[in-house]
Every structure is written in C-alpha cells, then in structure tokens.
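Structure data (mmCIF, C-alpha atoms) from entry06.cif:
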data_structure
#
loop_
_atom_site.label_atom_id
_atom_site.label_comp_id
_atom_site.auth_asym_id
_atom_site.auth_seq_id
_atom_site.Cartn_x
_atom_site.Cartn_y
_atom_site.Cartn_z
CA MET A 1 0.12 -17.94 29.03
CA GLU A 2 -0.10 -19.21 25.49
CA ARG A 3 0.81 -16.45 23.09
CA ASP A 4 -1.97 -14.98 20.97
CA ASP A 5 -0.49 -15.08 17.44
CA ARG A 6 -3.53 -13.35 15.99
CA ALA A 7 -2.82 -10.15 17.91
CA LEU A 8 0.84 -10.21 16.87
CA ASP A 9 -0.27 -10.95 13.31
CA GLY A 10 -2.43 -7.81 13.35
CA LEU A 11 0.51 -5.70 14.53
CA LEU A 12 2.76 -7.13 11.80
CA GLN A 13 0.13 -6.40 9.17
CA GLU A 14 -0.22 -2.83 10.44
CA LEU A 15 3.57 -2.33 10.32
CA ALA A 16 3.52 -3.58 6.73
CA ARG A 17 0.51 -1.40 5.83
CA ALA A 18 2.18 1.84 6.89
CA PRO A 19 5.85 1.21 7.69
CA GLU A 20 6.66 4.90 7.90
CA GLY A 21 3.93 5.66 10.40
CA ASP A 22 1.78 7.23 7.72
CA ASP A 23 -1.25 8.91 9.30
CA LEU A 24 -3.32 9.65 6.19
CA PHE A 25 -5.93 7.45 7.76
CA VAL A 26 -6.24 9.93 10.64
CA HIS A 27 -6.66 12.84 8.25
CA ARG A 28 -9.40 10.98 6.43
CA VAL A 29 -11.27 10.14 9.61
CA LEU A 30 -10.92 13.60 11.11
CA ALA A 31 -11.97 15.25 7.85
CA LYS A 32 -15.21 13.25 8.03
CA THR A 33 -15.85 14.35 11.59
CA ARG A 34 -15.60 18.06 10.78
CA ARG A 35 -18.72 19.94 9.79
CA PRO A 36 -18.33 21.61 6.40
CA ASP A 37 -20.37 24.70 7.35
CA SER A 38 -18.63 25.57 10.60
CA ARG A 39 -16.22 28.48 10.78
CA PRO A 40 -13.38 26.50 12.34
CA ALA A 41 -13.68 24.00 9.50
CA LEU A 42 -13.47 26.82 6.95
CA PHE A 43 -10.43 28.13 8.77
CA PHE A 44 -8.77 24.70 8.61
CA VAL A 45 -9.62 24.33 4.93
CA ALA A 46 -8.13 27.76 4.21
CA ALA A 47 -5.06 26.95 6.29
CA ALA A 48 -4.69 23.61 4.52
CA GLY A 49 -4.96 25.42 1.18
CA VAL A 50 -2.20 27.83 2.17
CA LEU A 51 -0.05 24.92 3.34
CA VAL A 52 -0.61 23.06 0.07
CA VAL A 53 0.43 26.13 -1.94
CA LEU A 54 3.48 26.64 0.29
CA GLY A 55 4.21 22.95 -0.01
CA PHE A 56 4.20 23.17 -3.79
CA LEU A 57 6.45 26.22 -3.68
CA PHE A 58 9.02 25.02 -1.19
CA GLU A 59 8.84 21.26 -0.94
CA PRO A 60 9.58 18.57 -3.50
CA ALA A 61 6.45 16.96 -4.97
CA PRO A 62 5.06 14.23 -2.70
CA SER A 63 6.20 10.82 -3.79
CA ALA A 64 5.64 7.14 -3.07
CA ARG A 65 7.89 4.09 -3.23
CA LEU A 66 7.30 0.91 -5.17
CA GLY A 67 9.09 -2.41 -5.64
CA PHE A 68 8.53 -5.36 -7.97
CA ALA A 69 9.48 -8.47 -6.00
CA ARG A 70 6.19 -10.20 -6.75
CA GLN A 71 6.35 -9.55 -10.50
CA ALA A 72 10.03 -10.57 -10.60
CA CYS A 73 8.99 -13.82 -8.99
CA LEU A 74 6.04 -14.46 -11.30
CA ILE A 75 7.66 -13.34 -14.59
CA PRO A 76 11.20 -14.72 -14.35
CA GLU A 77 12.01 -13.94 -18.00
CA ALA A 78 11.38 -10.20 -17.46
CA LYS A 79 14.53 -8.08 -17.44
CA THR A 80 13.16 -4.65 -16.68
CA MET A 81 10.02 -2.98 -15.40
CA ARG A 82 8.64 -0.12 -17.42
CA LEU A 83 6.49 2.49 -15.68
CA ILE A 84 3.88 4.12 -17.88
CA GLY A 85 2.33 7.33 -16.61
CA LEU A 86 -1.17 8.26 -17.75
CA ASP A 87 -1.72 11.94 -18.35
CA GLY A 88 -5.20 12.49 -19.71
CA GLY A 89 -5.17 10.73 -23.09
CA ARG A 90 -1.36 10.74 -23.27
CA ARG A 91 0.88 7.91 -22.19
CA LEU A 92 4.28 8.79 -20.83
CA VAL A 93 7.25 6.57 -20.23
CA LEU A 94 8.31 7.45 -16.70
CA GLY A 95 11.28 5.12 -16.94
CA GLU A 96 12.52 1.57 -17.03
CA VAL A 97 14.52 -0.17 -14.30
CA PRO A 98 15.88 -3.66 -13.55
CA MET A 99 13.31 -5.89 -11.83
CA SER A 100 15.32 -5.91 -8.60
CA SER A 101 15.11 -2.11 -8.25
CA GLN A 102 12.63 -0.02 -6.38
CA VAL A 103 11.38 3.32 -7.64
CA ARG A 104 10.20 6.59 -6.19
CA VAL A 105 7.28 7.88 -8.25
CA PRO A 106 5.02 10.95 -8.10
CA ALA A 107 2.18 10.32 -5.67
CA GLY A 108 -1.30 10.46 -7.16
CA MET A 109 -0.13 9.93 -10.73
CA PRO A 110 -1.93 7.06 -12.51
CA ILE A 111 0.74 4.50 -13.39
CA VAL A 112 0.65 1.21 -15.28
CA LEU A 113 3.42 -1.36 -14.80
CA GLN A 114 4.82 -3.30 -17.72
CA ALA A 115 7.37 -6.11 -17.47
CA VAL A 116 9.76 -6.01 -20.41
CA GLY A 117 11.82 -8.83 -21.89
CA GLU A 118 15.41 -8.83 -23.11
CA ASP A 119 14.24 -7.78 -26.59
CA GLY A 120 12.72 -4.57 -25.21
CA MET A 121 9.13 -5.69 -25.78
CA ALA A 122 6.39 -6.11 -23.17
CA LEU A 123 5.87 -9.54 -21.62
CA TRP A 124 3.12 -8.47 -19.25
CA THR A 125 1.04 -5.34 -18.71
CA ASP A 126 -0.73 -4.80 -15.42
CA ARG A 127 -4.49 -4.43 -15.77
CA GLU A 128 -4.63 -2.33 -12.63
CA VAL A 129 -3.85 1.37 -12.76
CA LEU A 130 -1.80 2.26 -9.69
CA ARG A 131 -2.34 5.56 -7.94
CA LEU A 132 -0.12 5.66 -4.88
CA ARG A 133 -0.79 7.92 -1.93
CA PRO A 134 1.86 10.40 -0.74
CA ARG A 135 4.56 8.51 1.20
CA GLU A 136 2.90 5.18 0.47
CA VAL A 137 5.35 2.30 0.27
CA ARG A 138 4.25 -0.71 -1.72
CA ALA A 139 6.26 -3.93 -1.90
CA PRO A 140 9.63 -2.31 -1.09
CA SER A 141 12.76 -4.26 -1.95
CA SER A 142 16.35 -3.92 -0.87
CA GLY A 143 17.39 -3.04 -4.44
CA PRO A 144 18.70 0.34 -5.61
CA LEU A 145 16.20 3.20 -5.40
CA VAL A 146 15.59 5.11 -8.64
CA THR A 147 13.57 8.32 -8.68
CA PHE A 148 11.16 9.11 -11.49
CA ASP A 149 9.35 12.42 -11.65
CA ARG A 150 6.96 14.11 -14.00
CA LYS A 151 9.77 16.17 -15.54
CA SER A 152 11.73 13.09 -16.61
CA ALA A 153 8.64 11.47 -18.19
CA ARG A 154 8.75 11.36 -21.98
CA PRO A 155 5.60 11.07 -24.07
CA VAL A 156 5.42 8.81 -27.11
CA ASP A 157 3.48 10.62 -29.77
CA TYR A 158 2.09 9.01 -32.90
CA GLY A 159 2.55 12.06 -35.12
CA ARG A 160 6.08 12.75 -33.99
CA ASP A 161 7.50 9.30 -33.24
CA VAL A 162 5.61 6.76 -35.33
CA LYS A 163 4.07 8.28 -38.46
CA PRO A 164 7.43 9.39 -39.93
CA ILE A 165 8.67 5.77 -39.67
CA LEU A 166 5.57 4.39 -41.37
CA ASP A 167 5.78 7.11 -44.04
CA GLN A 168 9.42 6.35 -44.78
CA TYR A 169 9.42 2.55 -44.72
CA CYS A 170 5.87 1.31 -45.25
CA ALA A 171 3.66 3.90 -46.95
CA GLY A 172 5.04 3.03 -50.39
CA CYS A 173 3.12 -0.27 -50.40
CA HIS A 174 0.56 0.00 -47.59
CA ALA A 175 -2.20 2.44 -46.66
CA GLU A 176 -1.95 3.93 -43.15
CA PRO A 177 -5.25 2.43 -41.84
CA ASP A 178 -4.13 -1.05 -42.97
CA LEU A 179 -0.83 -0.63 -41.15
CA LEU A 180 -2.47 0.57 -37.95
CA ALA A 181 -4.82 -2.42 -37.99
CA LEU A 182 -1.69 -4.58 -37.62
CA ALA A 183 -0.89 -3.11 -34.17
CA LYS A 184 -2.20 -5.02 -31.15
CA PRO A 185 -2.32 -2.47 -28.34
CA PHE A 186 0.04 -3.29 -25.41
CA ASP A 187 1.38 -6.33 -27.28
CA ALA A 188 4.14 -5.43 -29.73
CA ARG A 189 5.51 -8.97 -29.44
CA HIS A 190 2.43 -10.28 -31.26
CA SER A 191 1.78 -7.30 -33.52
CA PRO A 192 2.46 -7.93 -37.20
CA LEU A 193 3.22 -4.22 -37.55
CA VAL A 194 6.38 -4.85 -35.53
CA THR A 195 7.20 -8.49 -36.19
CA GLU A 196 6.33 -8.99 -39.86
CA THR A 197 7.86 -6.02 -41.57
CA HIS A 198 9.45 -7.11 -44.82
CA GLY A 199 11.34 -3.88 -45.37
CA THR A 200 14.57 -2.93 -43.66
CA ILE A 201 13.43 -0.84 -40.73
CA PRO A 202 16.52 0.02 -38.66
CA ALA A 203 16.60 -1.39 -35.12
CA THR A 204 16.16 2.01 -33.43
CA GLU A 205 13.03 2.80 -35.44
CA ARG A 206 11.67 -0.71 -34.90
CA ARG A 207 12.15 -0.30 -31.12
CA ARG A 208 10.29 3.00 -31.26
CA LEU A 209 7.42 1.34 -33.13
CA ALA A 210 7.33 -1.49 -30.56
CA LEU A 211 7.32 0.97 -27.68
CA TRP A 212 4.37 2.88 -29.16
CA VAL A 213 2.42 -0.37 -29.58
CA ASP A 214 3.32 -1.55 -26.05
CA LEU A 215 2.07 1.78 -24.73
CA GLY A 216 -1.34 1.08 -26.24
CA ALA A 217 -0.90 2.23 -29.87
CA ALA A 218 -2.81 5.44 -29.20
CA ARG A 219 -3.28 7.84 -32.07
CA PRO A 220 -5.17 11.10 -32.49
CA MET N 1 -12.75 19.21 38.75
CA ASN N 2 -15.33 16.47 38.55
CA ALA N 3 -16.41 14.57 41.60
CA PRO N 4 -15.93 10.80 41.41
CA GLY N 5 -18.78 9.08 39.62
CA ILE N 6 -19.78 12.21 37.70
CA HIS N 7 -19.84 11.66 33.92
CA GLN N 8 -17.09 13.67 32.26
CA ALA N 9 -17.77 14.23 28.54
CA LEU N 10 -15.03 14.24 25.95
CA GLU N 11 -14.20 17.46 24.07
CA PRO N 12 -13.76 17.29 20.26
CA LYS N 13 -10.10 18.30 20.55
CA ASP N 14 -9.54 15.46 23.00
CA PHE N 15 -11.14 13.10 20.49
CA GLU N 16 -8.64 14.14 17.84
CA ALA N 17 -5.72 13.51 20.19
CA LEU N 18 -7.10 10.10 21.15
CA VAL N 19 -7.58 9.12 17.49
CA ARG N 20 -3.97 10.06 16.77
CA GLU N 21 -2.79 8.09 19.77
CA HIS N 22 -4.84 4.95 19.18
CA HIS N 23 -5.49 4.63 15.46
CA ARG N 24 -2.60 2.31 14.57
CA ARG N 25 -3.34 -0.13 17.36
CA LEU N 26 -7.01 -0.02 16.37
CA LEU N 27 -6.05 -0.77 12.78
CA ALA N 28 -3.89 -3.65 14.01
CA PHE N 29 -6.96 -4.91 15.90
CA GLY N 30 -9.06 -4.66 12.72
CA LEU N 31 -6.33 -6.39 10.70
CA ALA N 32 -6.08 -9.20 13.24
CA LEU N 33 -9.82 -9.78 12.77
CA THR N 34 -10.13 -9.45 9.01
CA ARG N 35 -6.58 -9.89 7.65
CA ARG N 36 -7.63 -7.51 4.86
CA PRO N 37 -6.25 -3.93 5.02
CA GLU N 38 -9.07 -2.32 3.05
CA VAL N 39 -11.74 -3.97 5.22
CA ALA N 40 -9.86 -3.18 8.43
CA GLU N 41 -9.55 0.50 7.43
CA ASP N 42 -13.29 0.68 6.70
CA LEU N 43 -14.23 -0.99 9.99
CA VAL N 44 -11.99 1.25 12.09
CA GLN N 45 -13.07 4.36 10.22
CA ASP N 46 -16.76 3.51 10.73
CA ALA N 47 -16.12 2.76 14.40
CA LEU N 48 -14.34 6.07 14.94
CA LEU N 49 -17.14 7.98 13.20
CA ILE N 50 -19.69 6.28 15.47
CA ALA N 51 -17.49 7.12 18.46
CA HIS N 52 -17.36 10.75 17.33
CA ARG N 53 -21.15 10.87 16.93
CA ASP N 54 -21.62 9.39 20.42
CA LEU N 55 -18.94 11.49 22.12
CA GLY N 56 -21.52 12.82 24.56
CA LYS N 57 -22.19 9.30 25.85
CA PHE N 58 -18.54 8.49 26.50
CA ASP N 59 -16.99 9.07 29.89
CA ALA N 60 -13.53 10.59 29.37
CA GLN N 61 -12.26 8.72 32.42
CA ARG N 62 -12.91 5.37 30.72
CA ASP N 63 -10.62 3.51 28.32
CA PHE N 64 -11.01 5.01 24.84
CA GLY N 65 -9.26 2.09 23.10
CA ALA N 66 -11.55 -0.47 24.73
CA TRP N 67 -14.63 1.60 23.83
CA VAL N 68 -13.70 1.84 20.14
CA ARG N 69 -12.63 -1.81 20.01
CA GLY N 70 -16.10 -2.67 21.26
CA ILE N 71 -17.59 -0.74 18.33
CA ILE N 72 -15.13 -2.38 15.91
CA ARG N 73 -16.22 -5.80 17.19
CA MET N 74 -19.85 -4.90 16.54
CA LYS N 75 -19.03 -3.66 13.02
CA TYR N 76 -16.91 -6.78 12.42
CA LEU N 77 -19.82 -9.06 13.31
CA GLU N 78 -22.07 -7.07 10.95
CA TRP N 79 -19.46 -7.41 8.22
CA THR N 80 -19.10 -11.18 8.65
CA ARG N 81 -22.88 -11.53 8.52
CA SER N 82 -23.29 -9.46 5.37
CA HIS N 83 -20.33 -11.15 3.62
CA ARG N 84 -21.12 -14.65 4.91
CA THR N 85 -17.55 -14.90 6.14
CA GLU N 86 -16.33 -17.22 8.86
CA ARG N 87 -15.83 -15.22 12.03
CA VAL N 88 -13.30 -15.29 14.83
CA SER N 89 -14.67 -17.13 17.88
CA GLU N 90 -15.85 -15.23 20.94
CA ALA N 91 -12.95 -16.72 22.95
CA GLN N 92 -10.42 -15.54 20.37
CA LEU N 93 -12.04 -12.10 20.36
CA GLU N 94 -11.68 -11.90 24.13
CA GLU N 95 -8.05 -13.01 23.94
CA LEU N 96 -7.32 -10.47 21.23
CA ASP N 97 -8.99 -7.72 23.22
CA ALA N 98 -7.04 -8.68 26.33
CA ARG N 99 -3.74 -8.42 24.46
CA HIS N 100 -4.73 -4.99 23.14
CA ARG N 101 -5.67 -3.87 26.65
CA GLU N 102 -2.12 -4.80 27.71
CA TRP N 103 -0.63 -2.81 24.85
CA ASP N 104 -2.83 0.19 25.62
CA ARG N 105 -1.77 0.00 29.26
CA ALA N 106 1.91 -0.26 28.27
CA ALA N 107 1.56 2.93 26.21
CA GLU N 108 -0.36 4.70 28.97
CA GLU N 109 2.21 3.76 31.62
CA GLY N 110 5.11 4.88 29.43
CA ARG N 111 6.47 1.35 28.92
CA GLY N 112 6.42 1.83 25.16
CA ASP N 113 4.29 1.63 22.05
CA ALA N 114 3.67 -1.90 20.77
CA LEU N 115 4.22 -1.02 17.11
CA GLU N 116 7.44 0.84 17.76
CA ALA N 117 8.65 -2.01 19.95
CA LEU N 118 7.78 -4.53 17.25
CA ARG N 119 9.62 -2.48 14.63
CA ARG N 120 12.76 -2.59 16.79
CA CYS N 121 12.32 -6.29 17.46
CA ARG N 122 12.09 -6.96 13.73
CA GLU N 123 15.47 -5.31 13.17
CA GLY N 124 17.01 -8.10 15.25
CA LEU N 125 15.75 -10.95 13.05
CA GLY N 126 18.14 -13.01 10.95
CA GLU N 127 18.39 -12.25 7.24
CA HIS N 128 16.46 -15.28 5.94
CA VAL N 129 13.70 -15.00 8.53
CA ALA N 130 13.32 -11.24 7.94
CA GLU N 131 13.15 -11.73 4.16
CA THR N 132 10.48 -14.42 4.54
CA LEU N 133 8.52 -12.23 6.92
CA ASP N 134 8.63 -9.27 4.50
CA LEU N 135 7.53 -11.39 1.55
CA PHE N 136 4.58 -12.63 3.59
CA TYR N 137 3.43 -9.40 5.25
CA VAL N 138 4.70 -6.61 2.98
CA ASP N 139 4.44 -8.28 -0.42
CA ARG N 140 1.47 -10.39 0.74
CA GLN N 141 2.75 -13.47 -1.06
CA SER N 142 1.46 -16.92 -0.22
CA CYS N 143 3.71 -19.55 1.37
CA ALA N 144 3.82 -21.38 -1.97
CA GLN N 145 4.94 -18.23 -3.81
CA ILE N 146 7.59 -17.51 -1.18
CA ALA N 147 8.86 -21.09 -1.33
CA LEU N 148 9.20 -20.80 -5.10
CA ARG N 149 11.01 -17.49 -4.87
CA LEU N 150 13.44 -18.52 -2.14
CA HIS N 151 14.00 -22.04 -3.53
CA VAL N 152 12.93 -23.70 -0.30
CA SER N 153 10.00 -25.93 0.60
CA GLU N 154 6.69 -24.60 1.92
CA VAL N 155 7.40 -26.34 5.21
CA VAL N 156 10.58 -24.28 5.60
CA VAL N 157 8.62 -21.10 4.86
CA ARG N 158 6.01 -21.95 7.50
CA LYS N 159 8.71 -22.80 10.04
CA ARG N 160 10.51 -19.53 9.39
CA LEU N 161 7.29 -17.56 9.82
CA GLN N 162 6.48 -19.38 13.04
CA ARG N 163 10.01 -18.81 14.30
CA ALA N 164 9.74 -15.11 13.42
CA ARG N 165 6.48 -14.83 15.34
CA ASP N 166 7.94 -16.65 18.37
CA VAL N 167 11.02 -14.44 18.45
CA LEU N 168 9.02 -11.26 17.92
CA GLY N 169 6.45 -12.23 20.55
CA ASP N 170 9.18 -12.85 23.16
CA CYS N 171 10.98 -9.65 22.22
CA LEU N 172 7.76 -7.62 22.38
CA GLU N 173 6.95 -8.93 25.84
CA LYS N 174 10.45 -8.08 27.06
CA ARG N 175 10.38 -4.58 25.59
CA LEU N 176 6.95 -3.72 26.94
CA GLY N 177 7.44 -5.49 30.25
CA ALA N 178 4.30 -7.58 29.65
CA ALA N 179 1.88 -7.76 32.52
CA ASP N 180 0.31 -11.16 31.86
CA GLY N 181 -2.54 -11.95 34.13
CA ALA N 182 -2.51 -8.45 35.59
#

Structure encoded using structure tokens:
Amino acid sequence: MERDDRALDGLLQELARAPEGDDLFVHRVLAKTRRPDSRPALFFVAAAGVLVVLGFLFEPAPSARLGFARQACLIPEAKTMRLIGLDGGRRLVLGEVPMSSQVRVPAGMPIVLQAVGEDGMALWTDREVLRLRPREVRAPSSGPLVTFDRKSARPVDYGRDVKPILDQYCAGCHAEPDLLALAKPFDARHSPLVTETHGTIPATERRRLALWVDLGAARP
Amino acid sequence: MNAPGIHQALEPKDFEALVREHHRRLLAFGLALTRRPEVAEDLVQDALLIAHRDLGKFDAQRDFGAWVRGIIRMKYLEWTRSHRTERVSEAQLEELDARHREWDRAAEEGRGDALEALRRCREGLGEHVAETLDLFYVDRQSCAQIALRLHVSEVVVRKRLQRARDVLGDCLEKRLGAADGA
C-alpha cells in the first residue's frame, strides 16, 4: 500500500504543536461543555480556584520555553536577543541571551523580542507581543537554557535612569522637550539623541540612554 | 446490560475520557487537512462541541474517533468554502480517515499510541535529518529558509524531509504492527 504522507504529516505537526503532550486544548474544550449554572460546575470552579491558590503557594510559577533559531537565521548580524516584558505601562528588561540560546519565561507575561547588535543597540524589534501559554514550547533549540522570571526583570525608568543623564550632560544647552524629540522609539541606532551627542557622555550612560530608547522611550 | 442492537447513550463523564483519549489524534487529523494549527484547533474544538451537544444521538458502542472525524470533515468543508481555499480530494480524505482508523484500532488493541510511537521513531533519526525536520515542523521554516540556514540546496532539504518521512513511516508501521488492508 502506498504510504499516506498527509496522515504522517498531520502527526508530525501535532508533535511539533505540543511536544510535551500539553492538554490545554482539552481543558478549553471541556470548559466550554460545562454549564456555568450547574452545581458540579461550581464545585469544579471552586476546586480549580483552590488548586490555583495552592499552586501559587507551593509550585514555581508556570513557565514556557522559547528559542530564536528563525531570528538567528534571518538577522545574522544579531549577537543577542533581548526579552522585553510589558507590565502595564512599564517596560522591563527580562534579560539578554546569545541568539543560540533558549529561554524559560513566565507564562502569560506579554513579551516583545528584540535582536541586538554587537554595539548593544536594537537591530530588529518584533511587532508581535508574545504571550506564551503555561508549558508552551515555541521554536526550541539545542542551545543552553536560561531562565528569566519576573523577579529578575529590571525596569528602565525615565526619571531614575535617563533624566539625570540628560540633566548632567545636555540640559546646559538644550531644553528637555527638544532632547526627547530626538529619540526614535525602539530605534536607538537612528536616534540623534544617542548618536549625535556632541558632549562627552560616558559609554555606560550612553548605553543606558540607548536602552531606554530601544525600549520605546517611554516617559511619564 | 444492553441487548444487542439497543442504542446505548454516552454519559458526560465518558465523553470527557474519550476527549482526553482522542484529542491529539483528532488534532493531527485536523492538521493533516489544514496544515494550520490555529485552524485545526478551531475545527476540532467545534467538532467536539457539536459531538457533546449531540451526545444523546451517539451510540457508545460505535467508534468515537470516526464519529468526530466525520464532524471535522464537515466543518473542514465549510471552512474551505467560506475561505475559498483549495480542499483535499474526497479520495485523499478517505485515505486519511483509513489511516486514522488504523491508529485508533492500534490504540484500542493496546498496540500503542501513534504519537508516542512517532516520538520514539524520531529519536532514531540521524542528526542532519532530525535538524531539518525540526526546522520544518517546529520552527515552521520554508525549505528555502532551511537551505539558507544549513548551507545546503533546497533539493537537499526536500530529500532529507522525504527521507525522514519514509523512515518514520516504516518505523511507525513496525511499532504499531500496522494492519494494512485489514
């Protein structure tokens, strides 16, 4: 009998979709089949609530795994991948890893990927906000696994990290609104605020400025 | 105990167990049809919800997988119509369904689960073939992208993928003790 590649193809796609046998799909389907006003359903909701609370108390936060093989292939000049966590209006740097790595990240947290060049500035910022499901594995690689969690995330704050630099090195000649107009959000590499400073801003402070711009140049 | 020929309805708790048992093979069926995970998930979810609604009409002694696949096929045809997408031919659908019937039977008779068997088969692939397979199925890269990444020609990528499928197909049949033509 001639082999049916389409059937095998479907199995391979399913293995790739949920390599760890993830059954979130089942939960979603079964949740839709339960009546919200029935007592058993209420019991299950209550039980699930208790389990969630116990889970938070005794289990590590649910996480997901992510690799960057595709981006490494498409942006060969990128050296590292920066993971930006979105927390309300704040942007947090979850961490930065070599392109060949894979990372474990908090599930459910909105994350934006940014490929970074050798000079520490963004080469590419993903337009899509990722929000991975618990135990989801997306584009895994065989590279080293690095874990990022909410605790290790560091916010970049305009008032604390950027304004003091502008005050010290730029405010003597330029008004703050004029300086801020020179920042192109998510593109420090082409922002005059970073690239055309005529004063002597030390490298560390310049990197901090670039990072704030690459994170979107948000200010209160 | 029901007498032969008497309709035996399915209980909700049985439905849950059957969904757990069959959902991954049903998703593989949906993926084989659409090749798009998000569409396959929607089709299978809709089919299972219809199955749940019509539980009273289903005879528990019949094949649950075949019943839901029938609903998925119906939903798939609706989807191709509404999206003006080229559809799989009726003959291919029959062939696909036949292969899934075999896999269902293998699971039922304790010969093994097709996905688990495939996972084990994949572990036996050579390094280059496995890498190509992962780039294609896991990273969902095109043959051209894979060729660029691995510094080989597209022809080599296609040959590796075909070889992977041949090896995996043989291995799967051996592991499940395929009952072709049964």

- request: Fewer than 6 positions away in the same chain doesn't count, so skip those; otherwise give me all residues within 12 Å of stretch 118-126 of chain A, counting all atoms listed in the file, as a PyMOL selection string.
  value: chain A and resi 68+71-72+74-84+96-99+111-112+184-191+194-195+203-204+206-216

message: On this structure, the PyMOL selection byres ((chain A) within 12 of (chain N)) would catch which residues? List them as an MDAnalysis selection string, sorted by chain and number.
response: chainID A and resid 1:35 66:76 137:142

message: Would you compute the distance between atom CA of A:Pro144 and atom CA of A:Gly95? Give it in Å to one decimal.
response: 14.4 Å

message: If I take atom CA of N:Lys75 and atom CA of N:Gly112, how far is one from the other in Å, to one decimal?
response: 28.7 Å

- prompt: Do you have the atom CA of N:Glu127-atom CA of A:Ala64 distance handy?
  reply: 25.4 Å

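Applied to the file shown here, the PyMOL selection byres ((chain A and resi 63) around 8) selects Ala61, Pro62, Ala64, Arg65, Arg104, Val105, Pro106, Ala107, Arg133, Pro134, Arg135 and Glu136 of chain A.
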
- request: Evaluate the PyMOL selection byres ((chain N and resi 56) around 12) on the structure here and hand back the selected residues as a count of residues only.
  value: 17

task: Tell me which of A:Ile165, A:Ala181, A:Val103, A:Cys170 sits closest to A:Phe148, counting all atoms listed in the file.
output: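 Ranked by minimum distance to A:Phe148, first place goes to A:Val103.
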
message: I'd like the neighbourhood of stretch 151-161 of chain N as a list of chain:residue names, where a residue qualifies if any of its atoms comes within 7 Å (using all atoms listed in the file), though same-chain residues fewer than 5 positions away should be ignored.
response: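 Here the qualifying residues turn out to be N:Val129, N:Thr132, N:Leu133, N:Cys143, N:Ala144.
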
query: With distances taken over all atoms listed in the file, which of N:Glu173, N:Asp42, N:Asp14, N:Asp63 is nearest to N:Asp104?
result: N:Asp63

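For the point (10.0, 9.2, -15.3) in file coordinates, the residues within 6 Å, using only C-alpha atoms, are Leu94, Gly95, Phe148, Asp149, Arg150, Ser152 and Ala153 of chain A.
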
- request: Extract, using only C-alpha atoms, all DNA, RNA and protein residues at most 9 Å from A:Met109, discarding same-chain residues fewer than 4 positions from it, and format them as a VMD selection string.
  value: chain A and resid 85 to 87 105 130 to 132 150
